[in-house]
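Following: one structure in structure tokens, then a few remarks.
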Amino acid sequence: MILRSVYTLAALAALAGCDQPSDEAIRRPGPAASSAERPTIIFLGTSLTAGYGLDPDQAYPALIQQKIDAAGLSYRVANAGVSSETSAGAVRRIDWLLRQEPAVLVIETGANDGLRGLSPDSLKANIQAIIDSARALSPPPKIVLVGMRALPNYGFAYARRFSRLYSDLAEANDVPLVPFLLEDVAGREGMNQSDGIHPTAAGQQRMAETVWRVLEKELR
């Protein structure tokens, strides 16, 4: 399914250019968990994960923490979303994030690659590198891959290749896949902020539900 036409090129440029990453912008996970602390779920992501324009408690990782607590599960969520980041940036910081020895790594990257028309092959290689780095840990974390879609601005062939790489990676690495983070959010009235691209609080709630359907199975 192609994203709705409400996503204008100007709005896409806003996502690709907003809030350049800085040390202050990164919501860093806490110190490595001891055996007495709850195991950590790291959400590696872009501004969609960071909750751009919203209170941190309204971002979908924080909402998933509420679901975890309500379910009586013993995990601590760490939001490692950074605005404007491409998959290459995610690769550059994954080793630092993995020092936290997470029990679960949720990978959301590629939105900005698609907005900038970067190579799907490079995106695929970068996500594979993140997975490989995570699996080099002992013990390795469980991995959940979050899919994204590209607009047809760079052609339908590009959009197809972009969308397909997530399912290909999930199958090749035997990891669960959230097919599309913005399902029932992209282009929906009331689900996006005035820029037409970043989800509102209601959109983040929908995203939390979408991710939770897959993630919960990995936490049981």
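Identifiers for the structure tokens are assigned positionally: chains receive A, B, ... in sequence, residues are indexed from 1 per chain, and ligands are indexed from 1 in the order shown.
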
For segment 218-220 of chain A: contacts at 9 Å, only C-alpha atoms, fewer than 4 positions along chain excluded, given as a PyMOL selection string: chain A and resi 68+73-75+104+142-144+176+214

Next, the residues of the selection above should be written as a PDB file, in the first residue's frame with C-alpha atoms.
ATOM      1  CA  ILE A  68       4.494  -3.930  29.626  1.00  0.00           C
ATOM      2  CA  LEU A  73       6.136  -8.151  32.459  1.00  0.00           C
ATOM      3  CA  SER A  74       9.554  -7.230  33.807  1.00  0.00           C
ATOM      4  CA  TYR A  75      11.227  -5.024  31.199  1.00  0.00           C
ATOM      5  CA  VAL A 104      15.494  -6.928  23.189  1.00  0.00           C
ATOM      6  CA  LYS A 142      15.971 -10.738  20.754  1.00  0.00           C
ATOM      7  CA  ILE A 143      15.417  -8.572  17.694  1.00  0.00           C
ATOM      8  CA  VAL A 144      12.235  -7.045  16.297  1.00  0.00           C
ATOM      9  CA  PRO A 176       9.761 -10.966  13.698  1.00  0.00           C
ATOM     10  CA  VAL A 214       4.446  -8.222  17.434  1.00  0.00           C
TER      11      VAL A 214
END

Shell of 8 Å around Ala50 of chain A, only C-alpha atoms, local chain residues under 4 positions omitted, as an MDAnalysis selection string: chainID A and resid 27 45:46 56 59 79:83

Option closest in space to Ser87 of chain A, from A:Asn173, A:Asn112, A:Thr200, A:Ser47 [counting only C-alpha atoms]: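 With only C-alpha atoms as the atom set, the closest residue is A:Asn112.
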
Picked from chain A by DSSP as strand (DSSP E or B), as a VMD selection string: chain A and resid 40 to 45 76 to 81 104 to 108 142 to 146 177 to 178 192 199

With N, CA and C atoms retained, could you export that selection as an mmCIF file, in the first residue's frame?
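The result, stored in result26.cif:
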data_model
loop_
_atom_site.group_PDB
_atom_site.id
_atom_site.type_symbol
_atom_site.label_atom_id
_atom_site.label_comp_id
_atom_site.auth_asym_id
_atom_site.auth_seq_id
_atom_site.Cartn_x
_atom_site.Cartn_y
_atom_site.Cartn_z
ATOM 1 N N THR A 40 16.460 -4.647 29.653
ATOM 2 C CA THR A 40 16.160 -3.466 28.855
ATOM 3 C C THR A 40 15.712 -3.823 27.443
ATOM 4 N N ILE A 41 14.731 -3.083 26.961
ATOM 5 C CA ILE A 41 14.337 -3.099 25.552
ATOM 6 C C ILE A 41 14.778 -1.775 24.962
ATOM 7 N N ILE A 42 15.697 -1.800 24.011
ATOM 8 C CA ILE A 42 16.149 -0.582 23.354
ATOM 9 C C ILE A 42 15.377 -0.397 22.057
ATOM 10 N N PHE A 43 14.803 0.780 21.891
ATOM 11 C CA PHE A 43 14.128 1.155 20.657
ATOM 12 C C PHE A 43 15.067 2.055 19.867
ATOM 13 N N LEU A 44 15.742 1.470 18.891
ATOM 14 C CA LEU A 44 16.619 2.217 17.997
ATOM 15 C C LEU A 44 15.754 2.801 16.888
ATOM 16 N N GLY A 45 15.781 4.132 16.707
ATOM 17 C CA GLY A 45 14.882 4.681 15.713
ATOM 18 C C GLY A 45 15.155 6.120 15.333
ATOM 19 N N ARG A 76 12.353 -2.906 31.035
ATOM 20 C CA ARG A 76 12.507 -1.453 31.063
ATOM 21 C C ARG A 76 12.774 -0.963 29.658
ATOM 22 N N VAL A 77 11.969 -0.006 29.200
ATOM 23 C CA VAL A 77 12.102 0.533 27.852
ATOM 24 C C VAL A 77 13.097 1.688 27.835
ATOM 25 N N ALA A 78 13.961 1.722 26.825
ATOM 26 C CA ALA A 78 14.880 2.829 26.595
ATOM 27 C C ALA A 78 14.643 3.365 25.185
ATOM 28 N N ASN A 79 14.267 4.623 25.077
ATOM 29 C CA ASN A 79 13.995 5.246 23.780
ATOM 30 C C ASN A 79 15.286 5.819 23.218
ATOM 31 N N ALA A 80 15.807 5.201 22.168
ATOM 32 C CA ALA A 80 17.030 5.657 21.507
ATOM 33 C C ALA A 80 16.708 6.180 20.119
ATOM 34 N N GLY A 81 15.591 6.913 20.008
ATOM 35 C CA GLY A 81 15.229 7.530 18.740
ATOM 36 C C GLY A 81 15.939 8.853 18.559
ATOM 37 N N VAL A 104 16.230 -7.027 24.451
ATOM 38 C CA VAL A 104 15.494 -6.928 23.189
ATOM 39 C C VAL A 104 15.944 -5.658 22.477
ATOM 40 N N LEU A 105 16.134 -5.750 21.170
ATOM 41 C CA LEU A 105 16.462 -4.594 20.339
ATOM 42 C C LEU A 105 15.375 -4.448 19.278
ATOM 43 N N VAL A 106 14.687 -3.311 19.302
ATOM 44 C CA VAL A 106 13.682 -2.992 18.284
ATOM 45 C C VAL A 106 14.327 -2.027 17.297
ATOM 46 N N ILE A 107 14.384 -2.412 16.038
ATOM 47 C CA ILE A 107 15.090 -1.636 15.013
ATOM 48 C C ILE A 107 14.087 -0.923 14.121
ATOM 49 N N GLU A 108 14.051 0.405 14.224
ATOM 50 C CA GLU A 108 13.222 1.250 13.341
ATOM 51 C C GLU A 108 14.150 2.226 12.660
ATOM 52 N N LYS A 142 17.003 -10.495 21.745
ATOM 53 C CA LYS A 142 15.971 -10.738 20.754
ATOM 54 C C LYS A 142 15.852 -9.495 19.883
ATOM 55 N N ILE A 143 15.485 -9.685 18.641
ATOM 56 C CA ILE A 143 15.417 -8.572 17.694
ATOM 57 C C ILE A 143 14.024 -8.507 17.088
ATOM 58 N N VAL A 144 13.484 -7.303 17.017
ATOM 59 C CA VAL A 144 12.235 -7.045 16.297
ATOM 60 C C VAL A 144 12.536 -5.981 15.257
ATOM 61 N N LEU A 145 12.224 -6.261 14.005
ATOM 62 C CA LEU A 145 12.460 -5.325 12.914
ATOM 63 C C LEU A 145 11.166 -4.602 12.572
ATOM 64 N N VAL A 146 11.247 -3.282 12.451
ATOM 65 C CA VAL A 146 10.079 -2.459 12.145
ATOM 66 C C VAL A 146 10.190 -1.954 10.711
ATOM 67 N N LEU A 177 8.742 -9.315 12.279
ATOM 68 C CA LEU A 177 8.642 -8.060 11.537
ATOM 69 C C LEU A 177 7.336 -7.354 11.849
ATOM 70 N N VAL A 178 7.433 -6.071 12.177
ATOM 71 C CA VAL A 178 6.277 -5.176 12.156
ATOM 72 C C VAL A 178 6.219 -4.646 10.728
ATOM 73 N N ASN A 192 -1.607 12.985 12.446
ATOM 74 C CA ASN A 192 -0.330 13.609 12.137
ATOM 75 C C ASN A 192 -0.342 15.083 12.510
ATOM 76 N N PRO A 199 3.701 11.919 13.661
ATOM 77 C CA PRO A 199 2.448 11.542 14.317
ATOM 78 C C PRO A 199 2.095 12.419 15.509
#
